[in-house]
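> Coordinates in coords01.cif, mmCIF, C-alpha atoms and all ligand atoms, are listed below.
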```
data_final
loop_
_atom_site.group_PDB
_atom_site.id
_atom_site.type_symbol
_atom_site.label_atom_id
_atom_site.label_comp_id
_atom_site.auth_asym_id
_atom_site.auth_seq_id
_atom_site.Cartn_x
_atom_site.Cartn_y
_atom_site.Cartn_z
ATOM 1 C CA MET Z 226 -186.947 34.166 62.503
ATOM 2 C CA GLN Z 227 -188.360 32.791 59.256
ATOM 3 C CA VAL Z 228 -190.696 29.847 59.978
ATOM 4 C CA PRO Z 229 -190.659 27.163 57.260
ATOM 5 C CA THR Z 230 -194.022 26.631 55.558
ATOM 6 C CA HIS Z 231 -194.993 23.985 53.071
ATOM 7 C CA ILE Z 232 -198.056 22.522 51.335
ATOM 8 C CA GLU Z 233 -198.178 19.025 49.847
ATOM 9 C CA THR Z 234 -200.946 16.958 48.281
ATOM 10 C CA PHE Z 235 -201.651 13.462 49.534
ATOM 11 C CA LEU Z 236 -204.440 10.921 50.009
ATOM 12 C CA PHE Z 237 -206.189 10.829 53.379
ATOM 13 C CA GLN Z 238 -209.052 8.364 53.901
ATOM 14 C CA GLY Z 239 -209.042 7.951 50.129
ATOM 15 C CA LEU Z 240 -209.633 11.677 49.601
ATOM 16 C CA GLU Z 241 -207.455 14.170 47.747
ATOM 17 C CA CYS Z 242 -206.130 16.357 50.528
ATOM 18 C CA PHE Z 243 -203.543 19.022 51.249
ATOM 19 C CA ARG Z 244 -201.223 19.024 54.218
ATOM 20 C CA LEU Z 245 -200.092 22.440 55.397
ATOM 21 C CA ARG Z 246 -197.049 22.759 57.622
ATOM 22 C CA THR Z 247 -195.861 25.795 59.518
ATOM 23 C CA GLY Z 248 -192.914 24.885 61.701
ATOM 24 C CA ALA Z 249 -194.061 21.907 63.773
ATOM 25 C CA ALA Z 250 -197.778 22.680 63.311
ATOM 26 C CA SER Z 251 -199.789 20.984 60.559
ATOM 27 C CA ALA Z 252 -203.282 20.902 59.105
ATOM 28 C CA ILE Z 253 -205.116 18.715 56.615
ATOM 29 C CA VAL Z 254 -207.677 20.145 54.183
ATOM 30 C CA SER Z 255 -209.819 17.976 51.930
ATOM 31 C CA ARG Z 256 -210.866 18.955 48.415
ATOM 32 C CA LEU Z 257 -214.187 17.369 49.318
ATOM 33 C CA GLY Z 258 -216.110 20.208 50.913
ATOM 34 C CA ALA Z 259 -212.959 22.358 51.306
ATOM 35 C CA GLN Z 260 -213.074 20.907 54.778
ATOM 36 C CA VAL Z 261 -210.251 21.225 57.290
ATOM 37 C CA LEU Z 262 -210.008 17.727 58.795
ATOM 38 C CA SER Z 263 -207.097 18.096 61.185
ATOM 39 C CA TRP Z 264 -205.135 20.781 62.991
ATOM 40 C CA ILE Z 265 -202.196 19.558 65.038
ATOM 41 C CA ASP Z 266 -200.518 22.279 67.043
ATOM 42 C CA ALA Z 267 -196.757 22.650 67.482
ATOM 43 C CA ASP Z 268 -196.951 20.513 70.665
ATOM 44 C CA GLY Z 269 -198.456 17.635 68.702
ATOM 45 C CA ARG Z 270 -201.972 18.080 70.093
ATOM 46 C CA GLN Z 271 -204.956 17.492 67.778
ATOM 47 C CA ARG Z 272 -207.275 20.479 68.126
ATOM 48 C CA LEU Z 273 -210.126 19.417 65.824
ATOM 49 C CA PHE Z 274 -212.559 16.568 66.351
ATOM 50 C CA LEU Z 275 -212.983 14.068 63.526
ATOM 51 C CA SER Z 276 -215.423 11.270 64.257
ATOM 52 C CA GLU Z 277 -214.017 7.744 64.227
ATOM 53 C CA ARG Z 278 -217.141 6.825 62.257
ATOM 54 C CA ALA Z 279 -216.991 9.707 59.777
ATOM 55 C CA LYS Z 280 -217.885 8.730 56.197
ATOM 56 C CA PHE Z 281 -215.498 9.815 53.459
ATOM 57 C CA ASP Z 282 -217.462 8.649 50.403
ATOM 58 C CA GLY Z 283 -218.924 12.065 49.540
ATOM 59 C CA ALA Z 284 -222.490 10.807 49.948
ATOM 60 C CA VAL Z 285 -222.826 12.671 53.246
ATOM 61 C CA ALA Z 286 -220.825 15.461 54.850
ATOM 62 C CA ILE Z 287 -217.733 14.420 56.793
ATOM 63 C CA ARG Z 288 -218.508 14.465 60.518
ATOM 64 C CA GLY Z 289 -215.820 16.629 62.024
ATOM 65 C CA GLY Z 290 -213.174 19.196 61.235
ATOM 66 C CA ILE Z 291 -214.555 22.417 59.775
ATOM 67 C CA PRO Z 292 -217.460 21.770 57.378
ATOM 68 C CA VAL Z 293 -218.459 24.731 55.200
ATOM 69 C CA CYS Z 294 -222.209 25.327 55.280
ATOM 70 C CA PHE Z 295 -223.440 27.411 52.319
ATOM 71 C CA PRO Z 296 -225.785 28.866 51.064
ATOM 72 C CA GLN Z 297 -228.052 27.756 53.891
ATOM 73 C CA PHE Z 298 -227.411 27.289 57.583
ATOM 74 C CA SER Z 299 -229.085 24.202 59.064
ATOM 75 C CA GLY Z 300 -232.770 23.995 58.072
ATOM 76 C CA LEU Z 301 -233.310 27.734 57.547
ATOM 77 C CA GLY Z 302 -234.814 27.297 54.084
ATOM 78 C CA ASP Z 303 -235.769 24.737 51.459
ATOM 79 C CA LEU Z 304 -232.265 23.597 50.517
ATOM 80 C CA PRO Z 305 -230.613 20.442 51.848
ATOM 81 C CA LYS Z 306 -229.583 20.907 55.497
ATOM 82 C CA HIS Z 307 -226.507 23.148 55.725
ATOM 83 C CA GLY Z 308 -226.575 23.792 51.981
ATOM 84 C CA PHE Z 309 -224.790 21.864 49.261
ATOM 85 C CA VAL Z 310 -221.071 22.663 49.190
ATOM 86 C CA ARG Z 311 -220.055 20.174 51.922
ATOM 87 C CA THR Z 312 -220.178 17.347 49.399
ATOM 88 C CA ARG Z 313 -218.746 19.269 46.432
ATOM 89 C CA LEU Z 314 -215.218 18.720 45.155
ATOM 90 C CA TRP Z 315 -213.473 22.109 45.338
ATOM 91 C CA ASP Z 316 -210.553 23.249 43.168
ATOM 92 C CA ARG Z 317 -207.305 24.691 44.372
ATOM 93 C CA VAL Z 318 -206.520 28.293 43.432
ATOM 94 C CA LEU Z 319 -202.827 28.247 42.608
ATOM 95 C CA ALA Z 320 -200.644 31.312 42.933
ATOM 96 C CA PRO Z 321 -196.887 31.491 42.234
ATOM 97 C CA GLY Z 322 -194.973 29.920 45.144
ATOM 98 C CA ALA Z 323 -198.200 28.426 46.534
ATOM 99 C CA ASP Z 324 -196.523 25.235 47.766
ATOM 100 C CA ALA Z 325 -194.181 27.237 50.006
ATOM 101 C CA SER Z 326 -197.053 29.218 51.511
ATOM 102 C CA ALA Z 327 -198.861 28.930 54.847
ATOM 103 C CA SER Z 328 -202.187 29.546 53.085
ATOM 104 C CA LEU Z 329 -204.278 27.334 50.850
ATOM 105 C CA THR Z 330 -207.217 28.591 48.776
ATOM 106 C CA LEU Z 331 -209.958 26.373 47.353
ATOM 107 C CA ARG Z 332 -212.912 27.491 45.262
ATOM 108 C CA CYS Z 333 -216.199 26.224 43.970
ATOM 109 C CA ALA Z 334 -218.788 27.859 41.772
ATOM 110 C CA ASP Z 335 -222.310 27.235 40.585
ATOM 111 C CA ASN Z 336 -223.005 24.454 38.106
ATOM 112 C CA ALA Z 337 -226.126 22.851 36.650
ATOM 113 C CA ALA Z 338 -226.704 20.819 39.842
ATOM 114 C CA THR Z 339 -226.470 23.831 42.186
ATOM 115 C CA ARG Z 340 -228.574 26.021 39.872
ATOM 116 C CA ALA Z 341 -231.292 23.330 39.897
ATOM 117 C CA LEU Z 342 -231.444 23.728 43.697
ATOM 118 C CA TRP Z 343 -230.574 27.423 44.004
ATOM 119 C CA PRO Z 344 -230.914 29.494 40.813
ATOM 120 C CA HIS Z 345 -227.931 31.795 41.295
ATOM 121 C CA ALA Z 346 -224.433 32.231 39.900
ATOM 122 C CA PHE Z 347 -221.775 32.442 42.622
ATOM 123 C CA GLU Z 348 -218.180 31.690 43.491
ATOM 124 C CA VAL Z 349 -217.114 30.756 47.009
ATOM 125 C CA ARG Z 350 -213.554 30.463 48.222
ATOM 126 C CA ILE Z 351 -212.104 29.070 51.410
ATOM 127 C CA GLU Z 352 -208.686 30.263 52.532
ATOM 128 C CA VAL Z 353 -206.988 28.236 55.249
ATOM 129 C CA THR Z 354 -203.973 29.829 56.919
ATOM 130 C CA LEU Z 355 -201.832 27.911 59.381
ATOM 131 C CA GLY Z 356 -199.771 29.895 61.851
ATOM 132 C CA LEU Z 357 -197.424 28.598 64.524
ATOM 133 C CA ALA Z 358 -200.171 28.918 67.149
ATOM 134 C CA ALA Z 359 -203.310 29.649 65.131
ATOM 135 C CA LEU Z 360 -205.535 28.379 62.373
ATOM 136 C CA ALA Z 361 -207.606 30.878 60.377
ATOM 137 C CA VAL Z 362 -210.319 30.017 57.888
ATOM 138 C CA GLY Z 363 -211.732 32.699 55.591
ATOM 139 C CA LEU Z 364 -214.944 32.354 53.585
ATOM 140 C CA PHE Z 365 -215.430 34.566 50.515
ATOM 141 C CA VAL Z 366 -218.772 34.653 48.727
ATOM 142 C CA ARG Z 367 -218.733 36.396 45.351
ATOM 143 C CA ASN Z 368 -221.946 37.193 43.557
ATOM 144 C CA THR Z 369 -221.298 36.478 39.869
ATOM 145 C CA ASP Z 370 -224.990 36.844 39.051
ATOM 146 C CA ALA Z 371 -226.898 39.833 37.717
ATOM 147 C CA ALA Z 372 -229.266 40.048 40.709
ATOM 148 C CA PRO Z 373 -228.510 40.223 44.469
ATOM 149 C CA ILE Z 374 -228.010 36.911 46.295
ATOM 150 C CA SER Z 375 -228.982 36.198 49.865
ATOM 151 C CA PHE Z 376 -227.457 33.402 51.916
ATOM 152 C CA THR Z 377 -226.971 31.966 55.379
ATOM 153 C CA GLY Z 378 -224.113 29.677 56.324
ATOM 154 C CA ALA Z 379 -221.397 28.717 58.763
ATOM 155 C CA LEU Z 380 -217.948 27.421 59.404
ATOM 156 C CA HIS Z 381 -219.235 24.467 61.442
ATOM 157 C CA THR Z 382 -216.079 23.982 63.513
ATOM 158 C CA TYR Z 383 -215.815 20.747 65.539
ATOM 159 C CA LEU Z 384 -213.292 21.253 68.339
ATOM 160 C CA ALA Z 385 -211.628 18.295 70.055
ATOM 161 C CA VAL Z 386 -212.343 18.163 73.763
ATOM 162 C CA ASP Z 387 -210.505 16.260 76.504
ATOM 163 C CA ASP Z 388 -213.138 16.346 79.196
ATOM 164 C CA ILE Z 389 -216.656 17.530 78.327
ATOM 165 C CA ASP Z 390 -217.547 17.634 82.045
ATOM 166 C CA ALA Z 391 -214.802 20.178 82.709
ATOM 167 C CA LEU Z 392 -215.391 22.236 79.562
ATOM 168 C CA SER Z 393 -216.326 25.918 79.792
ATOM 169 C CA LEU Z 394 -217.032 28.434 77.052
ATOM 170 C CA TYR Z 395 -216.608 32.079 78.076
ATOM 171 C CA GLY Z 396 -217.690 35.295 76.363
ATOM 172 C CA LEU Z 397 -221.409 34.784 75.710
ATOM 173 C CA GLN Z 398 -222.910 36.408 78.809
ATOM 174 C CA GLY Z 399 -225.570 39.026 78.058
ATOM 175 C CA LEU Z 400 -226.089 37.910 74.430
ATOM 176 C CA THR Z 401 -229.457 36.850 73.069
ATOM 177 C CA TYR Z 402 -229.720 33.419 71.531
ATOM 178 C CA ARG Z 403 -232.198 31.131 69.835
ATOM 179 C CA ASP Z 404 -232.378 27.871 71.743
ATOM 180 C CA ALA Z 405 -232.796 25.282 68.979
ATOM 181 C CA ALA Z 406 -232.585 22.392 71.455
ATOM 182 C CA LYS Z 407 -235.622 23.679 73.336
ATOM 183 C CA GLY Z 408 -238.075 24.604 70.556
ATOM 184 C CA ASN Z 409 -236.439 27.884 69.488
ATOM 185 C CA PRO Z 410 -237.349 30.409 72.217
ATOM 186 C CA ILE Z 411 -235.204 33.557 72.258
ATOM 187 C CA ARG Z 412 -233.332 33.852 75.564
ATOM 188 C CA THR Z 413 -230.553 35.942 77.069
ATOM 189 C CA GLU Z 414 -227.405 34.217 78.260
ATOM 190 C CA GLY Z 415 -227.112 34.787 81.979
ATOM 191 C CA ASP Z 416 -224.020 32.734 82.693
ATOM 192 C CA ALA Z 417 -220.430 33.880 82.397
ATOM 193 C CA GLN Z 418 -219.419 30.345 81.454
ATOM 194 C CA LEU Z 419 -221.409 27.902 79.373
ATOM 195 C CA ARG Z 420 -221.077 24.338 80.687
ATOM 196 C CA PHE Z 421 -222.177 21.117 78.968
ATOM 197 C CA ALA Z 422 -224.396 18.579 80.705
ATOM 198 C CA GLN Z 423 -227.193 18.120 78.131
ATOM 199 C CA GLU Z 424 -227.889 18.769 74.446
ATOM 200 C CA VAL Z 425 -226.853 22.313 73.522
ATOM 201 C CA ASP Z 426 -227.884 23.805 70.166
ATOM 202 C CA ARG Z 427 -227.863 27.580 70.357
ATOM 203 C CA VAL Z 428 -227.521 30.424 67.882
ATOM 204 C CA TYR Z 429 -226.034 33.445 69.687
ATOM 205 C CA HIS Z 430 -226.624 36.780 67.972
ATOM 206 C CA ALA Z 431 -224.426 39.842 67.511
ATOM 207 C CA VAL Z 432 -221.325 38.250 69.016
ATOM 208 C CA GLN Z 433 -218.555 40.832 69.281
ATOM 209 C CA GLY Z 434 -215.557 39.647 71.190
ATOM 210 C CA PRO Z 435 -213.527 36.475 70.958
ATOM 211 C CA LEU Z 436 -214.746 33.505 72.991
ATOM 212 C CA THR Z 437 -212.497 31.421 75.182
ATOM 213 C CA LEU Z 438 -212.804 27.666 75.441
ATOM 214 C CA GLY Z 439 -211.304 26.215 78.594
ATOM 215 C CA ASP Z 440 -210.625 22.478 78.370
ATOM 216 C CA GLY Z 441 -208.667 21.483 81.469
ATOM 217 C CA ALA Z 442 -205.150 22.774 81.006
ATOM 218 C CA HIS Z 443 -205.815 23.762 77.395
ATOM 219 C CA THR Z 444 -207.319 27.057 76.330
ATOM 220 C CA LEU Z 445 -208.382 28.179 72.895
ATOM 221 C CA SER Z 446 -209.401 31.640 71.788
ATOM 222 C CA ILE Z 447 -212.109 31.646 69.091
ATOM 223 C CA ALA Z 448 -212.525 34.891 67.157
ATOM 224 C CA ALA Z 449 -214.599 35.735 64.100
ATOM 225 C CA SER Z 450 -215.031 38.641 61.758
ATOM 226 C CA GLY Z 451 -217.838 39.166 59.285
ATOM 227 C CA PHE Z 452 -219.949 36.415 60.836
ATOM 228 C CA PRO Z 453 -222.502 37.994 63.206
ATOM 229 C CA ASP Z 454 -223.616 34.792 64.961
ATOM 230 C CA VAL Z 455 -221.984 31.988 66.911
ATOM 231 C CA VAL Z 456 -223.576 28.545 67.047
ATOM 232 C CA VAL Z 457 -222.720 26.226 69.914
ATOM 233 C CA TRP Z 458 -223.664 22.593 69.449
ATOM 234 C CA ASN Z 459 -223.222 19.363 71.355
ATOM 235 C CA PRO Z 460 -225.733 16.594 70.565
ATOM 236 C CA TRP Z 461 -225.262 14.877 73.949
ATOM 237 C CA GLN Z 462 -226.094 11.249 74.592
ATOM 238 C CA ILE Z 463 -229.472 10.543 72.989
ATOM 239 C CA LEU Z 464 -229.045 12.517 69.755
ATOM 240 C CA CYS Z 465 -225.496 11.208 69.400
ATOM 241 C CA ARG Z 466 -226.716 7.596 69.535
ATOM 242 C CA GLY Z 467 -228.942 8.421 66.565
ATOM 243 C CA LEU Z 468 -226.073 9.736 64.420
ATOM 244 C CA PRO Z 469 -224.708 6.819 62.368
ATOM 245 C CA ASP Z 470 -221.378 8.556 61.833
ATOM 246 C CA MET Z 471 -220.669 9.119 65.536
ATOM 247 C CA LEU Z 472 -219.538 6.688 68.214
ATOM 248 C CA PRO Z 473 -222.195 6.613 70.965
ATOM 249 C CA THR Z 474 -219.704 8.326 73.279
ATOM 250 C CA GLY Z 475 -218.418 10.715 70.594
ATOM 251 C CA TYR Z 476 -220.322 13.660 72.065
ATOM 252 C CA ARG Z 477 -217.896 13.600 75.008
ATOM 253 C CA GLN Z 478 -214.965 14.380 72.728
ATOM 254 C CA MET Z 479 -216.312 17.378 70.811
ATOM 255 C CA VAL Z 480 -218.048 20.686 70.853
ATOM 256 C CA CYS Z 481 -218.976 22.774 67.842
ATOM 257 C CA VAL Z 482 -218.317 26.502 68.104
ATOM 258 C CA GLU Z 483 -219.363 27.834 64.724
ATOM 259 C CA ALA Z 484 -218.953 31.190 63.033
ATOM 260 C CA ALA Z 485 -222.339 31.697 61.398
ATOM 261 C CA VAL Z 486 -224.658 33.929 59.417
ATOM 262 C CA ALA Z 487 -227.973 32.626 60.656
ATOM 263 C CA GLN Z 488 -230.385 35.117 62.168
ATOM 264 C CA VAL Z 489 -230.318 37.616 59.294
ATOM 265 C CA PRO Z 490 -229.258 36.411 55.829
ATOM 266 C CA ALA Z 491 -226.337 38.185 54.178
ATOM 267 C CA ILE Z 492 -227.119 39.974 50.930
ATOM 268 C CA VAL Z 493 -224.453 40.352 48.271
ATOM 269 C CA ALA Z 494 -224.942 42.737 45.356
ATOM 270 C CA PRO Z 495 -223.954 41.667 41.814
ATOM 271 C CA GLY Z 496 -220.179 41.712 41.382
ATOM 272 C CA GLN Z 497 -219.608 42.156 45.131
ATOM 273 C CA GLU Z 498 -217.959 39.848 47.630
ATOM 274 C CA TRP Z 499 -218.888 39.006 51.223
ATOM 275 C CA THR Z 500 -216.063 37.997 53.560
ATOM 276 C CA GLY Z 501 -216.045 36.274 56.936
ATOM 277 C CA SER Z 502 -213.428 34.412 58.912
ATOM 278 C CA GLN Z 503 -212.873 32.404 62.056
ATOM 279 C CA THR Z 504 -209.522 32.262 63.850
ATOM 280 C CA LEU Z 505 -208.652 29.617 66.431
ATOM 281 C CA ARG Z 506 -205.662 30.594 68.529
ATOM 282 C CA LEU Z 507 -203.859 28.768 71.302
ATOM 283 C CA ALA Z 508 -204.176 30.905 74.414
HETATM 284 O O1 LIG E 1 -225.029 23.796 63.791
HETATM 285 C C1 LIG E 1 -225.790 23.012 64.631
HETATM 286 C C2 LIG E 1 -226.636 22.076 63.819
HETATM 287 O O2 LIG E 1 -227.454 22.788 62.945
HETATM 288 C C3 LIG E 1 -227.408 21.161 64.768
HETATM 289 O O3 LIG E 1 -228.765 21.443 64.821
HETATM 290 C C4 LIG E 1 -227.059 19.766 64.297
HETATM 291 O O4 LIG E 1 -228.040 19.192 63.561
HETATM 292 C C5 LIG E 1 -225.757 19.977 63.576
HETATM 293 O O5 LIG E 1 -225.793 21.235 63.004
HETATM 294 C C6 LIG E 1 -225.226 18.903 62.631
HETATM 295 O O6 LIG E 1 -225.837 18.891 61.391
HETATM 296 P P1 LIG E 1 -225.469 17.772 60.326
HETATM 297 O O7 LIG E 1 -226.309 18.040 59.120
HETATM 298 O O8 LIG E 1 -224.027 17.909 60.012
HETATM 299 O O9 LIG E 1 -225.763 16.449 60.974
#
```
Just give me the structure of the file as structure tokens.


Amino acid sequence: MQVPTHIETFLFQGLECFRLRTGAASAIVSRLGAQVLSWIDADGRQRLFLSERAKFDGAVAIRGGIPVCFPQFSGLGDLPKHGFVRTRLWDRVLAPGADASASLTLRCADNAATRALWPHAFEVRIEVTLGLAALAVGLFVRNTDAAPISFTGALHTYLAVDDIDALSLYGLQGLTYRDAAKGNPIRTEGDAQLRFAQEVDRVYHAVQGPLTLGDGAHTLSIAASGFPDVVVWNPWQILCRGLPDMLPTGYRQMVCVEAAVAQVPAIVAPGQEWTGSQTLRLA
């Protein structure tokens, strides 16, 4: 059966956005940051967290959805935290029949402002594909410079959570991780399920298989390719109170499970392209 797909442009929170529809599922992607801001599944359930206090003025990154962190993950270098493309206006890459597609591609490239911070020529693209029961986001990093480029980054996915006390993340047991919430020691995950009862900020290395997020009756499979690391973040109560763009109780409604290049930077030769993706699938 052919599933109807459609893309339209519209204003959301004053931002130029695209709405993708595949059957009864829909997603919203902002030109600002090429950020997915909403994914509503075919049952009408919102799967991404977007803070009620998120700022949409472009001065700071939008708190929620799927921010694109590039060319630096977090504070792993001298650039602004999480790089500089979260507050860039990206352009749509239009192909014939694009408005009847289930996929949207946005691009941004170096300019004088990025070269002042990071002296490299590059082009990055984000491709968002909405399926009936899945959302996939691809990141493509093309080196348009004459010398190799090296970057870290992430798809900083904020997932909506019903009950943080009942939440479990499966699939990390046996992996080493850097515990950023505890002063960065390297540990090995001993538990089959990660539960949330305090601040969690961990970079898991060499993640192979898909992870499973159990949220009461709702289960999500989280798979990645190309990205070697997975970052799991929940600020919990005290840090959350210090975030001006979060409700004090916002940490109870979200968890970030991020596809990342963090431990070892990716190196892209001139003229080459690096590709990574994250797929969220209803399970
Ligand atoms: O990915 C986890 C993390 O690096 C945390 O340390 C936390 O700071 C979070 O990202 C949010 O960063 P942001 O710059 O968006 O406030």

> Please list as a ChimeraX atom specification every residue within 12 Å of Ala485 of chain Z, counting only C-alpha atoms and excluding residues in the same chain fewer than 4 positions away.

/Z:292-299,307,364,376-382,427-432,448-457,481,489-491,500-503

> Given the file above and the PyMOL selection byres (((chain Z and resi 412-421) around 10) and not hetatm), which residues are selected, and can you give them as a PyMOL selection string?

chain Z and resi 389-404+409-411+422-425+427+429-430+437-439+457-459+461+477+480

> If we count all atoms listed in the file, what is near Lys280 of chain Z at a cut-off of 7 Å, once residues fewer than 3 positions away on the same chain are taken out, given as a ChimeraX atom specification?

/Z:285,287,470

> Taking into account only C-alpha atoms, which residue in the set Z:Met479, Z:Ala361, Z:Ile374, Z:Leu331 is nearest to Pro344 of chain Z?

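Among the listed residues, Z:Ile374 lies closest to Pro344 of chain Z.
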
> Could you list, as a PDB file with C-alpha atoms, keeping the file's coordinate frame, every residue matched by the PyMOL selection byres (((chain Z and resi 235) around 12) and not hetatm) in this structure?


```
ATOM      1  CA  ILE Z 232    -198.056  22.522  51.335  1.00  0.00           C
ATOM      2  CA  GLU Z 233    -198.178  19.025  49.847  1.00  0.00           C
ATOM      3  CA  THR Z 234    -200.946  16.958  48.281  1.00  0.00           C
ATOM      4  CA  LEU Z 236    -204.440  10.921  50.009  1.00  0.00           C
ATOM      5  CA  PHE Z 237    -206.189  10.829  53.379  1.00  0.00           C
ATOM      6  CA  GLN Z 238    -209.052   8.364  53.901  1.00  0.00           C
ATOM      7  CA  GLY Z 239    -209.042   7.951  50.129  1.00  0.00           C
ATOM      8  CA  LEU Z 240    -209.633  11.677  49.601  1.00  0.00           C
ATOM      9  CA  GLU Z 241    -207.455  14.170  47.747  1.00  0.00           C
ATOM     10  CA  CYS Z 242    -206.130  16.357  50.528  1.00  0.00           C
ATOM     11  CA  PHE Z 243    -203.543  19.022  51.249  1.00  0.00           C
ATOM     12  CA  ARG Z 244    -201.223  19.024  54.218  1.00  0.00           C
ATOM     13  CA  LEU Z 245    -200.092  22.440  55.397  1.00  0.00           C
ATOM     14  CA  ILE Z 253    -205.116  18.715  56.615  1.00  0.00           C
ATOM     15  CA  VAL Z 254    -207.677  20.145  54.183  1.00  0.00           C
ATOM     16  CA  SER Z 255    -209.819  17.976  51.930  1.00  0.00           C
ATOM     17  CA  ARG Z 256    -210.866  18.955  48.415  1.00  0.00           C
TER      18      ARG Z 256
END
```

> I need the output of the PyMOL selection byres (((chain Z and resi 349) around 12) and not hetatm) for this file as a count of residues only; which residues are they?

39

> Using only C-alpha atoms and all ligand atoms, which residue out of Z:Pro473, Z:Arg288, Z:Ala320, Z:Gly467 lies closest to ligand LIG 1 (chain E)?

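Looking at the shortest contact to ligand LIG 1 (chain E), the residue is Z:Arg288.
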
> Let me make sure I understand: among Z:Ile447, Z:Ala358, Z:Val486, Z:Pro305, which one has the smallest atom-to-atom distance to Pro435 of chain Z if we use only C-alpha atoms?

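Ranked by minimum distance to Pro435 of chain Z, first place goes to Z:Ile447.
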
> Measure the distance from atom CA of Asp426 of chain Z to atom CA of Asp387 of chain Z in Å and round it to one decimal.

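If I compute the distance from atom CA of Asp426 of chain Z to atom CA of Asp387 of chain Z, I get 20.0 Å.
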
> With 5 Å of padding per side, what axis-aligned box (centre and edge lengths, Å, one decimal) covers all the listed atoms of ligand LIG 1 (chain E)? Give it as JSON.


```
{"center_x": -226.4, "center_y": 20.1, "center_z": 62.0, "size_x": 14.7, "size_y": 17.3, "size_z": 15.7}
```

> Identify which of the residues Z:Leu472, Z:Leu257, Z:Ala494, Z:Ala487 lies closest to ligand LIG 1 (chain E), counting all atoms listed in the file when measuring atom-to-atom distances.

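Closest residue, counting all atoms listed in the file: Z:Ala487.
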
> In Å, how far is it from atom P1 of ligand LIG 1 (chain E) to atom CA of Gly475 of chain Z?

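Separating atom P1 of ligand LIG 1 (chain E) from atom CA of Gly475 of chain Z is a distance of 14.3 Å.
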
> So which one's closest to ligand LIG 1 (chain E), Z:Leu304, Z:Ala327, Z:Ala508, Z:Asp370? Using only C-alpha atoms and all ligand atoms, please.

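So, comparing all the options, the nearest one is Z:Leu304.
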
> Would you kindly return, as a list in words, each protein, DNA or RNA residue with an atom no farther than 8 Å from any atom of Arg272 of chain Z, considering only C-alpha atoms and excluding same-chain residues fewer than 6 positions away?

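Counting only the stated atoms, we get Ser263, Trp264, Ile265, Asp266, Leu384, Ala385 and Val386 of chain Z.
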
> If I take atom CA of Thr354 of chain Z and atom O1 of ligand LIG 1 (chain E), how far is one from the other in Å, to one decimal?

23.0 Å

> Pick the closest to ligand LIG 1 (chain E) from Z:Arg311, Z:Arg466, Z:His345, Z:Arg506: which is it, counting only C-alpha atoms and all ligand atoms?

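Under the stated criterion, the closest residue is Z:Arg311.
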